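File shown here: target.pdb, holding PDB, C-alpha atoms and all ligand atoms.
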```
ATOM      1  CA  MET Y 146       0.000   0.000   0.000
ATOM      2  CA  ASN Y 147       1.260   3.489  -0.911
ATOM      3  CA  TYR Y 148      -0.154   6.835   0.253
ATOM      4  CA  LEU Y 149       0.377   9.095  -2.742
ATOM      5  CA  SER Y 150      -2.877  11.028  -2.988
ATOM      6  CA  ILE Y 151      -6.132  11.590  -1.142
ATOM      7  CA  ASN Y 152      -7.648   9.029  -3.546
ATOM      8  CA  ASP Y 153      -5.705   6.311  -1.698
ATOM      9  CA  ILE Y 154      -8.228   6.743   1.135
ATOM     10  CA  ASP Y 155     -11.002   4.161   0.666
ATOM     11  CA  SER Y 156     -13.421   5.784   3.155
ATOM     12  CA  LEU Y 157     -12.570   9.286   4.388
ATOM     13  CA  SER Y 158     -15.156   9.250   7.192
ATOM     14  CA  THR Y 159     -13.809   5.916   8.511
ATOM     15  CA  TRP Y 160     -10.188   7.115   8.347
ATOM     16  CA  VAL Y 161     -11.073  10.352  10.175
ATOM     17  CA  LYS Y 162     -12.855   8.429  12.946
ATOM     18  CA  GLU Y 163      -9.876   6.052  13.257
ATOM     19  CA  ALA Y 164      -7.434   8.990  13.439
ATOM     20  CA  ILE Y 165      -9.457  10.664  16.202
ATOM     21  CA  LEU Y 166      -9.411   7.382  18.145
ATOM     22  CA  LEU Y 167      -5.666   7.019  17.543
ATOM     23  CA  LYS Y 168      -5.132  10.523  18.933
ATOM     24  CA  LYS Y 169      -6.616   9.345  22.240
ATOM     25  CA  GLN Y 170      -4.332   6.282  22.411
ATOM     26  CA  SER Y 171      -1.304   7.302  20.390
ATOM     27  CA  LYS Y 172       1.136   4.805  22.006
ATOM     28  CA  LYS Y 173      -1.191   1.781  21.841
ATOM     29  CA  PHE Y 174       0.363   0.379  18.663
ATOM     30  CA  LYS Y 175       4.025   0.814  19.605
ATOM     31  CA  ALA Y 176       4.778  -2.848  18.876
ATOM     32  CA  LEU Y 177       3.523  -2.572  15.284
ATOM     33  CA  GLY Y 178       6.576  -0.708  14.020
ATOM     34  CA  SER Y 179       9.278  -2.289  16.168
ATOM     35  CA  ASP Y 180      12.229  -3.430  14.014
ATOM     36  CA  LYS Y 181      10.888  -1.276  11.156
ATOM     37  CA  THR Y 182      12.551   1.828   9.736
ATOM     38  CA  ILE Y 183      11.071   4.771   7.887
ATOM     39  CA  GLY Y 184      13.231   7.005   5.697
ATOM     40  CA  LEU Y 185      12.066  10.617   5.372
ATOM     41  CA  LEU Y 186      13.578  12.195   2.253
ATOM     42  CA  PHE Y 187      13.275  15.966   1.969
ATOM     43  CA  PHE Y 188      13.975  17.665  -1.332
ATOM     44  CA  ASN Y 189      12.436  20.856   0.193
ATOM     45  CA  ASN Y 190      12.173  22.536   3.586
ATOM     46  CA  SER Y 191       9.706  21.540   6.290
ATOM     47  CA  LEU Y 192       8.816  22.052   9.929
ATOM     48  CA  ARG Y 193       5.463  20.324  10.529
ATOM     49  CA  THR Y 194       5.762  17.470   8.046
ATOM     50  CA  ARG Y 195       9.225  16.533   9.199
ATOM     51  CA  LEU Y 196       8.554  16.589  12.927
ATOM     52  CA  SER Y 197       5.001  15.233  12.897
ATOM     53  CA  THR Y 198       5.841  12.309  10.582
ATOM     54  CA  GLN Y 199       8.882  11.523  12.725
ATOM     55  CA  LYS Y 200       6.725  11.651  15.871
ATOM     56  CA  ALA Y 201       4.045   9.508  14.223
ATOM     57  CA  ALA Y 202       6.644   6.863  13.330
ATOM     58  CA  MET Y 203       8.099   6.967  16.852
ATOM     59  CA  ASN Y 204       4.596   6.550  18.347
ATOM     60  CA  LEU Y 205       4.388   3.331  16.309
ATOM     61  CA  GLY Y 206       7.774   2.148  17.588
ATOM     62  CA  MET Y 207       9.630   2.737  14.298
ATOM     63  CA  GLU Y 208      13.221   3.873  13.792
ATOM     64  CA  VAL Y 209      13.501   7.042  11.707
ATOM     65  CA  ILE Y 210      16.167   8.065   9.198
ATOM     66  CA  VAL Y 211      15.914  11.634   7.873
ATOM     67  CA  MET Y 212      17.836  12.907   4.865
ATOM     68  CA  ASN Y 213      17.749  16.415   3.431
ATOM     69  CA  PHE Y 214      18.107  15.025  -0.056
ATOM     70  CA  GLY Y 215      17.813  18.396  -1.785
ATOM     71  CA  SER Y 216      20.934  19.764  -0.118
ATOM     72  CA  GLU Y 217      22.848  16.633   0.944
ATOM     73  CA  GLY Y 218      22.048  13.919  -1.619
ATOM     74  CA  TRP Y 219      23.572  13.326  -5.042
ATOM     75  CA  ALA Y 220      21.652  15.111  -7.790
ATOM     76  CA  LEU Y 221      19.304  12.453  -9.188
ATOM     77  CA  GLU Y 222      18.630  11.596 -12.829
ATOM     78  CA  TYR Y 223      15.084  10.453 -13.671
ATOM     79  CA  ALA Y 224      15.084  10.016 -17.448
ATOM     80  CA  ASP Y 225      15.745   6.628 -19.035
ATOM     81  CA  GLY Y 226      18.771   6.235 -21.265
ATOM     82  CA  THR Y 227      20.343   9.599 -20.416
ATOM     83  CA  VAL Y 228      24.071  10.046 -20.982
ATOM     84  CA  MET Y 229      24.810  11.331 -17.488
ATOM     85  CA  ASP Y 230      27.680  13.628 -18.396
ATOM     86  CA  GLN Y 231      25.996  16.792 -17.065
ATOM     87  CA  GLY Y 232      24.714  17.798 -13.581
ATOM     88  CA  THR Y 233      23.150  14.560 -12.320
ATOM     89  CA  SER Y 234      25.298  12.051 -10.421
ATOM     90  CA  GLU Y 235      23.011   9.134  -9.569
ATOM     91  CA  HIS Y 236      20.028   7.545 -11.283
ATOM     92  CA  ILE Y 237      16.707   7.106  -9.452
ATOM     93  CA  LYS Y 238      16.907   3.383 -10.394
ATOM     94  CA  GLU Y 239      19.892   2.789  -8.102
ATOM     95  CA  ALA Y 240      18.949   5.364  -5.443
ATOM     96  CA  ALA Y 241      15.434   3.982  -4.882
ATOM     97  CA  GLN Y 242      16.628   0.368  -4.723
ATOM     98  CA  VAL Y 243      19.469   1.237  -2.344
ATOM     99  CA  ILE Y 244      17.222   3.204   0.048
ATOM    100  CA  SER Y 245      14.688   0.345  -0.049
ATOM    101  CA  GLN Y 246      17.353  -1.885   1.537
ATOM    102  CA  TYR Y 247      17.661   0.500   4.498
ATOM    103  CA  CYS Y 248      13.983   1.379   4.986
ATOM    104  CA  ASP Y 249      10.621  -0.405   5.262
ATOM    105  CA  ILE Y 250       8.723   2.744   4.220
ATOM    106  CA  ILE Y 251      10.043   5.736   2.248
ATOM    107  CA  ALA Y 252       8.347   9.127   2.644
ATOM    108  CA  ILE Y 253       9.178  11.885   0.180
ATOM    109  CA  ARG Y 254       8.744  15.651  -0.032
ATOM    110  CA  ALA Y 255       9.436  17.101  -3.500
ATOM    111  CA  PHE Y 256       7.682  20.339  -4.459
ATOM    112  CA  ALA Y 257       6.705  21.606  -7.882
ATOM    113  CA  GLY Y 258       9.409  23.632  -9.623
ATOM    114  CA  LEU Y 259       6.619  25.854 -11.078
ATOM    115  CA  LYS Y 260       8.595  26.350 -14.319
ATOM    116  CA  ASP Y 261       7.295  23.464 -16.422
ATOM    117  CA  LYS Y 262       3.724  22.252 -15.861
ATOM    118  CA  THR Y 263       4.237  18.987 -17.775
ATOM    119  CA  LEU Y 264       7.357  18.142 -15.794
ATOM    120  CA  ASP Y 265       5.678  18.981 -12.476
ATOM    121  CA  GLU Y 266       2.580  16.963 -13.313
ATOM    122  CA  ALA Y 267       4.762  13.975 -14.227
ATOM    123  CA  GLU Y 268       5.773  13.869 -10.516
ATOM    124  CA  GLU Y 269       9.148  12.397 -11.485
ATOM    125  CA  VAL Y 270      10.519  12.191  -7.922
ATOM    126  CA  LEU Y 271       7.452  10.570  -6.344
ATOM    127  CA  ASN Y 272       6.758   8.351  -9.347
ATOM    128  CA  GLY Y 273      10.437   7.510  -9.712
ATOM    129  CA  PHE Y 274      10.502   6.151  -6.167
ATOM    130  CA  LYS Y 275       7.139   4.457  -6.681
ATOM    131  CA  THR Y 276       8.491   2.686  -9.767
ATOM    132  CA  TYR Y 277      11.915   1.622  -8.510
ATOM    133  CA  ALA Y 278      11.570   1.286  -4.711
ATOM    134  CA  SER Y 279      10.556  -2.098  -3.318
ATOM    135  CA  VAL Y 280       8.853  -0.651  -0.212
ATOM    136  CA  PRO Y 281       5.703   1.496   0.294
ATOM    137  CA  ILE Y 282       5.916   5.211  -0.550
ATOM    138  CA  VAL Y 283       4.267   8.094   1.335
ATOM    139  CA  ASN Y 284       3.750  11.528  -0.205
ATOM    140  CA  MET Y 285       4.862  14.264   2.208
ATOM    141  CA  GLU Y 286       3.913  16.933  -0.418
ATOM    142  CA  SER Y 287       4.640  16.503  -4.062
ATOM    143  CA  SER Y 288       4.202  18.772  -7.084
ATOM    144  CA  VAL Y 289       0.446  18.361  -7.212
ATOM    145  CA  GLY Y 290      -0.708  17.101  -3.826
ATOM    146  CA  HIS Y 291      -0.280  17.220  -0.053
ATOM    147  CA  PRO Y 292      -2.515  14.335   1.075
ATOM    148  CA  LEU Y 293      -1.185  14.182   4.657
ATOM    149  CA  GLN Y 294      -2.239  17.820   5.084
ATOM    150  CA  ALA Y 295      -5.668  17.149   3.569
ATOM    151  CA  LEU Y 296      -6.273  14.174   5.886
ATOM    152  CA  THR Y 297      -5.230  16.413   8.803
ATOM    153  CA  ASP Y 298      -7.695  19.062   7.653
ATOM    154  CA  ALA Y 299     -10.499  16.493   7.457
ATOM    155  CA  ILE Y 300      -9.723  15.418  11.039
ATOM    156  CA  THR Y 301      -9.739  19.051  12.250
ATOM    157  CA  LEU Y 302     -13.012  19.795  10.439
ATOM    158  CA  GLU Y 303     -14.629  16.737  12.020
ATOM    159  CA  GLU Y 304     -13.483  17.771  15.504
ATOM    160  CA  HIS Y 305     -14.995  21.261  15.121
ATOM    161  CA  ASN Y 306     -18.050  20.618  13.002
ATOM    162  CA  PHE Y 307     -21.397  20.485  14.718
ATOM    163  CA  LYS Y 308     -23.588  20.805  11.619
ATOM    164  CA  ASN Y 309     -24.834  18.391   8.973
ATOM    165  CA  ASN Y 310     -23.912  20.517   5.988
ATOM    166  CA  PRO Y 311     -21.362  23.187   6.997
ATOM    167  CA  LYS Y 312     -20.315  25.922   4.594
ATOM    168  CA  ILE Y 313     -16.578  25.627   3.921
ATOM    169  CA  VAL Y 314     -14.748  28.249   1.848
ATOM    170  CA  LEU Y 315     -11.285  27.903   0.306
ATOM    171  CA  SER Y 316     -10.036  31.454  -0.137
ATOM    172  CA  TRP Y 317      -6.931  32.514  -2.100
ATOM    173  CA  ALA Y 318      -4.727  35.089  -0.340
ATOM    174  CA  PRO Y 319      -1.870  37.310  -1.535
ATOM    175  CA  HIS Y 320       1.766  36.217  -1.093
ATOM    176  CA  PRO Y 321       5.064  37.736  -2.254
ATOM    177  CA  ARG Y 322       6.371  34.418  -3.656
ATOM    178  CA  ALA Y 323       4.955  32.033  -6.247
ATOM    179  CA  LEU Y 324       3.640  29.035  -4.330
ATOM    180  CA  PRO Y 325       2.592  25.579  -5.575
ATOM    181  CA  HIS Y 326      -0.973  24.280  -5.926
ATOM    182  CA  ALA Y 327      -0.505  21.099  -3.882
ATOM    183  CA  VAL Y 328      -2.255  22.097  -0.640
ATOM    184  CA  ALA Y 329      -5.244  23.630  -2.433
ATOM    185  CA  ASN Y 330      -5.505  20.631  -4.785
ATOM    186  CA  SER Y 331      -5.599  18.044  -2.004
ATOM    187  CA  PHE Y 332      -7.960  20.153   0.111
ATOM    188  CA  ILE Y 333     -10.382  20.338  -2.834
ATOM    189  CA  GLN Y 334     -10.112  16.576  -3.458
ATOM    190  CA  MET Y 335     -10.776  15.976   0.231
ATOM    191  CA  MET Y 336     -13.783  18.343   0.183
ATOM    192  CA  GLN Y 337     -15.231  16.381  -2.737
ATOM    193  CA  LYS Y 338     -15.554  13.460  -0.302
ATOM    194  CA  GLN Y 339     -17.380  15.533   2.363
ATOM    195  CA  ASN Y 340     -21.013  16.468   3.028
ATOM    196  CA  ALA Y 341     -20.613  20.239   2.908
ATOM    197  CA  GLU Y 342     -21.434  23.353   0.940
ATOM    198  CA  PHE Y 343     -18.010  24.023  -0.578
ATOM    199  CA  VAL Y 344     -17.001  27.260  -2.318
ATOM    200  CA  ILE Y 345     -13.637  28.260  -3.790
ATOM    201  CA  THR Y 346     -12.908  31.985  -4.067
ATOM    202  CA  HIS Y 347      -9.975  33.643  -5.824
ATOM    203  CA  PRO Y 348      -9.290  36.520  -8.197
ATOM    204  CA  LYS Y 349      -9.769  35.804 -11.919
ATOM    205  CA  GLY Y 350      -6.632  34.219 -13.338
ATOM    206  CA  TYR Y 351      -6.095  31.912 -10.345
ATOM    207  CA  GLU Y 352      -8.311  29.052 -11.552
ATOM    208  CA  LEU Y 353      -6.818  25.742 -10.442
ATOM    209  CA  ASP Y 354      -6.518  22.607 -12.579
ATOM    210  CA  PRO Y 355     -10.079  21.916 -13.845
ATOM    211  CA  ASN Y 356      -9.366  18.178 -13.557
ATOM    212  CA  ILE Y 357      -9.112  18.775  -9.808
ATOM    213  CA  THR Y 358     -11.797  21.428  -9.229
ATOM    214  CA  LYS Y 359     -14.283  19.536 -11.476
ATOM    215  CA  ASP Y 360     -17.735  20.947 -10.666
ATOM    216  CA  ALA Y 361     -16.742  22.758  -7.436
ATOM    217  CA  LYS Y 362     -18.426  26.160  -7.047
ATOM    218  CA  ILE Y 363     -16.078  29.067  -7.840
ATOM    219  CA  GLU Y 364     -17.110  32.557  -6.669
ATOM    220  CA  TYR Y 365     -14.842  35.444  -7.730
ATOM    221  CA  ASN Y 366     -16.404  37.838  -5.187
ATOM    222  CA  GLN Y 367     -14.658  36.991  -1.911
ATOM    223  CA  GLU Y 368     -17.206  38.861   0.261
ATOM    224  CA  LYS Y 369     -20.076  36.943  -1.321
ATOM    225  CA  ALA Y 370     -18.226  33.633  -0.995
ATOM    226  CA  LEU Y 371     -17.602  34.217   2.715
ATOM    227  CA  GLU Y 372     -21.265  34.929   3.578
ATOM    228  CA  ASN Y 373     -22.412  32.577   6.396
ATOM    229  CA  ALA Y 374     -19.225  30.485   6.206
ATOM    230  CA  ASP Y 375     -18.573  28.020   9.034
ATOM    231  CA  PHE Y 376     -14.939  27.357   8.095
ATOM    232  CA  VAL Y 377     -12.573  29.465   5.984
ATOM    233  CA  TYR Y 378      -9.418  27.774   4.683
ATOM    234  CA  VAL Y 379      -6.958  30.358   3.415
ATOM    235  CA  LYS Y 380      -4.097  29.556   1.062
ATOM    236  CA  ASN Y 381      -2.062  31.270  -1.601
ATOM    237  CA  TRP Y 382      -1.272  29.585  -4.894
ATOM    238  CA  SER Y 383       0.312  30.840  -8.098
ATOM    239  CA  SER Y 384      -1.496  30.870 -11.433
ATOM    240  CA  TYR Y 385      -2.133  27.456 -12.967
ATOM    241  CA  THR Y 386      -3.055  28.795 -16.408
ATOM    242  CA  ASP Y 387      -0.013  31.104 -16.643
ATOM    243  CA  TYR Y 388       1.885  28.397 -14.891
ATOM    244  CA  GLY Y 389       3.744  29.488 -11.752
ATOM    245  CA  GLN Y 390       3.146  33.212 -12.346
ATOM    246  CA  ILE Y 391       2.007  35.757  -9.742
ATOM    247  CA  LYS Y 392      -0.952  37.529 -11.349
ATOM    248  CA  SER Y 393      -2.025  39.660  -8.379
ATOM    249  CA  GLN Y 394      -0.728  40.832  -5.018
ATOM    250  CA  ASP Y 395      -4.123  42.408  -4.218
ATOM    251  CA  THR Y 396      -3.864  43.038  -0.474
ATOM    252  CA  THR Y 397      -7.644  43.318  -0.159
ATOM    253  CA  TRP Y 398      -7.751  39.488  -0.347
ATOM    254  CA  GLN Y 399      -5.916  39.224   3.011
ATOM    255  CA  MET Y 400      -8.132  37.482   5.611
ATOM    256  CA  THR Y 401      -9.308  39.787   8.404
ATOM    257  CA  LEU Y 402     -11.452  39.213  11.463
ATOM    258  CA  LYS Y 403     -14.226  41.321   9.911
ATOM    259  CA  LYS Y 404     -14.313  39.156   6.775
ATOM    260  CA  LEU Y 405     -14.095  35.943   8.796
ATOM    261  CA  GLY Y 406     -17.264  36.776  10.740
ATOM    262  CA  LYS Y 407     -18.104  33.838  13.023
ATOM    263  CA  ALA Y 408     -16.251  31.270  10.929
ATOM    264  CA  LYS Y 409     -13.298  29.171  12.093
ATOM    265  CA  PHE Y 410     -10.005  29.994  10.379
ATOM    266  CA  MET Y 411      -7.783  27.287   8.889
ATOM    267  CA  HIS Y 412      -4.343  27.374   7.240
ATOM    268  CA  CYS Y 413      -1.739  24.639   6.735
ATOM    269  CA  LEU Y 414       1.174  26.843   7.975
ATOM    270  CA  PRO Y 415       3.715  28.318   7.582
ATOM    271  CA  VAL Y 416       1.817  31.570   7.145
ATOM    272  CA  ARG Y 417       2.977  35.147   6.554
ATOM    273  CA  ARG Y 418       1.278  37.334   9.168
ATOM    274  CA  ASN Y 419      -0.400  40.498   7.901
ATOM    275  CA  VAL Y 420       0.128  39.413   4.287
ATOM    276  CA  VAL Y 421      -1.998  36.269   4.035
ATOM    277  CA  VAL Y 422      -3.946  36.831   7.268
ATOM    278  CA  ALA Y 423      -4.153  39.561   9.893
ATOM    279  CA  ASP Y 424      -2.610  39.093  13.332
ATOM    280  CA  ASP Y 425      -5.965  39.329  15.094
ATOM    281  CA  VAL Y 426      -7.307  36.319  13.168
ATOM    282  CA  LEU Y 427      -4.342  34.098  14.026
ATOM    283  CA  ASP Y 428      -4.386  35.262  17.637
ATOM    284  CA  SER Y 429      -8.148  34.721  18.035
ATOM    285  CA  ALA Y 430      -9.969  31.679  19.410
ATOM    286  CA  GLN Y 431     -11.411  31.223  15.901
ATOM    287  CA  SER Y 432      -8.030  30.119  14.554
ATOM    288  CA  LEU Y 433      -7.540  26.335  14.268
ATOM    289  CA  VAL Y 434      -4.005  26.466  12.856
ATOM    290  CA  ILE Y 435      -2.213  25.106  15.935
ATOM    291  CA  GLU Y 436      -4.727  22.267  16.238
ATOM    292  CA  GLN Y 437      -4.257  21.507  12.536
ATOM    293  CA  ALA Y 438      -0.499  21.265  13.088
ATOM    294  CA  ASN Y 439      -1.106  18.919  16.050
ATOM    295  CA  ASN Y 440      -3.339  16.702  13.927
ATOM    296  CA  ARG Y 441      -0.527  16.251  11.398
ATOM    297  CA  THR Y 442       0.914  13.647  13.798
ATOM    298  CA  TYR Y 443      -2.279  11.567  13.882
ATOM    299  CA  ALA Y 444      -2.907  11.797  10.135
ATOM    300  CA  ALA Y 445       0.629  10.541   9.503
ATOM    301  CA  GLN Y 446       0.322   7.916  12.250
ATOM    302  CA  LEU Y 447      -2.881   6.531  10.755
ATOM    303  CA  VAL Y 448      -1.301   6.305   7.293
ATOM    304  CA  LEU Y 449       1.836   4.562   8.626
ATOM    305  CA  LYS Y 450      -0.277   2.217  10.780
ATOM    306  CA  LYS Y 451      -2.364   1.198   7.767
ATOM    307  CA  ILE Y 452       0.768   0.584   5.682
ATOM    308  CA  LEU Y 453       2.403  -1.504   8.450
ATOM    309  CA  GLU Y 454      -0.811  -3.505   8.922
ATOM    310  CA  SER Y 455      -1.229  -4.080   5.173
ATOM    311  CA  ASN Y 456       2.320  -5.474   5.021
ATOM    312  CA  GLU Y 457       1.561  -7.881   7.886
ATOM    313  CA  ASN Y 458      -1.331  -9.458   5.971
TER     314      ASN Y 458
HETATM  315  N1  LIG H   1       1.916  22.338   6.407
HETATM  316  C1  LIG H   1       3.142  21.852   6.147
HETATM  317  O1  LIG H   1       3.317  20.978   5.305
HETATM  318  O2  LIG H   1       4.141  22.427   6.892
HETATM  319  P1  LIG H   1       5.688  22.235   6.604
HETATM  320  O3  LIG H   1       5.951  22.782   5.207
HETATM  321  O4  LIG H   1       6.399  23.028   7.668
HETATM  322  O5  LIG H   1       6.031  20.788   6.657
END
```
Could the structure of this file be written out as structure tokens, please?
Amino acid sequence: MNYLSINDIDSLSTWVKEAILLKKQSKKFKALGSDKTIGLLFFNNSLRTRLSTQKAAMNLGMEVIVMNFGSEGWALEYADGTVMDQGTSEHIKEAAQVISQYCDIIAIRAFAGLKDKTLDEAEEVLNGFKTYASVPIVNMESSVGHPLQALTDAITLEEHNFKNNPKIVLSWAPHPRALPHAVANSFIQMMQKQNAEFVITHPKGYELDPNITKDAKIEYNQEKALENADFVYVKNWSSYTDYGQIKSQDTTWQMTLKKLGKAKFMHCLPVRRNVVVADDVLDSAQSLVIEQANNRTYAAQLVLKKILESNEN
């Protein structure tokens, strides 16, 4: 079993319930991972993913190896038949097989480069490991998805939702740097598995991949989108159409307490204060961001537990 996308979840509601139970008894399955090793390979920076996945593995009794592959590993080649006389030093074929001898699970973070849509969508790092590794692979945020974050967000929504059909808004926010689409993509895919009134709001030009948004409601008027919202998930992403470009820095899209109304505020973190969201939102009781970060451990722990159990069968 791999965990590469939110579509690897067979029943979201069951997984969320299991994760909430696991949170109450996080050390109960410590024997499951004894004598097992997970390798966490980071091609990009991280705080939450690195520490929460490590903690999740430790809660299951696993040993953890962490490698900052982007800065410390040999530059990998992914293409078949390449004459490797340029910048790459090692082929994914050898690297993935070698790491598979040291680890029982390999987890990978490799962001989109945001220069070449076709290359990013090919997910060459994640798919390279999937093809050549002989152990299960976990996506710790790839070019197009962040399924551990989306599972976390589903857990947090469940813990705070007291309605049958809550209104949940995904709102774009300004940011000085071009950011990937992965968090928004996986959040949308997760929302498509929920009973909720879901609205995406962003300025024109920030439409996400239509293969992901499908028939989700898109409202270009942020104020209108936010009316009577129960949860507001804020995230920046760069243009998908003009791939990786920043089309707007419109500061009026920043989330404020006034705009939030009575809704709960969600963000995956890290977040730029007073650019993406005002201080008073993050510092208010309406903010769920610290709880979201806490739930990263139990989302990761559930995924690792399921992988370990599937390998026992
Ligand atoms: N939300 C999240 O993935 O945080 P990190 O980038 O710090 O891991």
Could you report the residues within 12 Å of ligand LIG 1 (chain H), using only C-alpha atoms and all ligand atoms, as a PyMOL selection string? chain Y and resi 185+187-199+253-256+284-287+290-298+324-325+327-329+331-332+380+411-416+434-442+445
Between atom CA of Y:Tyr378 and atom CA of Y:Asp424 lies a distance of 15.8 Å
Reference answer for the PyMOL selection byres (((chain Y and resi 384-395) around 10) and not hetatm), as a VMD selection string: chain Y and resid 257 to 262 318 to 326 348 to 355 381 to 383 396 to 399 420
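For the pair atom CA of Y:Leu453 and atom CA of Y:Leu149, the interatomic distance is 15.5 Å.
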Suppose a student applies the PyMOL selection byres (((chain Y and resi 221-226) around 12) and not hetatm) to this structure; what residues should they get, written as a PyMOL selection string? chain Y and resi 188+214-220+227-241+264+267-274+276-277
If you take every atom of stretch 335-342 of chain Y that the file lists and fit an axis-aligned box around them with 5 Å extra on each side, what centre and edge lengths come out in Å to one decimal, as AutoDock Vina command-line options?
```
--center_x -16.1 --center_y 18.4 --center_z 0.1 --size_x 20.7 --size_y 19.9 --size_z 15.8
```
Expected selection from the PyMOL selection byres (((chain Y and resi 280) around 8) and not hetatm), given as a short mmCIF file (atom, residue, chain, number, x, y, z; two decimals) with C-alpha atoms, in the frame of the given file:
```cif
data_model
loop_
_atom_site.label_atom_id
_atom_site.label_comp_id
_atom_site.auth_asym_id
_atom_site.auth_seq_id
_atom_site.Cartn_x
_atom_site.Cartn_y
_atom_site.Cartn_z
CA SER Y 245 14.69 0.34 -0.05
CA CYS Y 248 13.98 1.38 4.99
CA ASP Y 249 10.62 -0.40 5.26
CA ILE Y 250 8.72 2.74 4.22
CA ILE Y 251 10.04 5.74 2.25
CA ALA Y 278 11.57 1.29 -4.71
CA SER Y 279 10.56 -2.10 -3.32
CA PRO Y 281 5.70 1.50 0.29
CA ILE Y 282 5.92 5.21 -0.55
#
```
Just give me the gap between atom CA of Y:Asp180 and atom CA of Y:Asn204 in Å, one decimal is fine. 13.3 Å
Which is closer to Y:Val161 than all the others in Y:Gln446, Y:Asn366, Y:Gln242, Y:Ser429, using only C-alpha atoms? Y:Gln446
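The residue that comes closest to Y:Val209, out of Y:Gly184, Y:Pro311, Y:Gly178, Y:Gly406 and on the basis of all atoms listed in the file, is Y:Gly184.
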Report as a compact mmCIF listing (two decimals) with C-alpha atoms, in the coordinates of the input all protein, DNA and RNA residues lying within 8 Å of Y:Leu447, evaluated on only C-alpha atoms, omitting residues in the same chain fewer than 5 positions from it.
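Writing done, so here's part_19.txt:
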```
# COMPACT_ATOMS: atom_id res chain seq x y z
CA TRP Y 160 -10.19 7.12 8.35
CA GLU Y 163 -9.88 6.05 13.26
CA ALA Y 164 -7.43 8.99 13.44
CA LEU Y 167 -5.67 7.02 17.54
```
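Each of Y:Thr301, Y:Thr358, Y:Asn310, Y:Ser316 was compared to Y:Ile333 using all atoms listed in the file, and Y:Thr358 turns out to be the nearest.
Each of Y:Lys338, Y:Lys162, Y:Lys312, Y:Lys173 was compared to Y:Glu372 using only C-alpha atoms, and Y:Lys312 turns out to be the nearest.
The smallest atom-to-atom distance between Y:Leu157 and any of Y:Met212, Y:Ile363, Y:Met336, Y:Ala341, using all atoms listed in the file, is found for Y:Met336.
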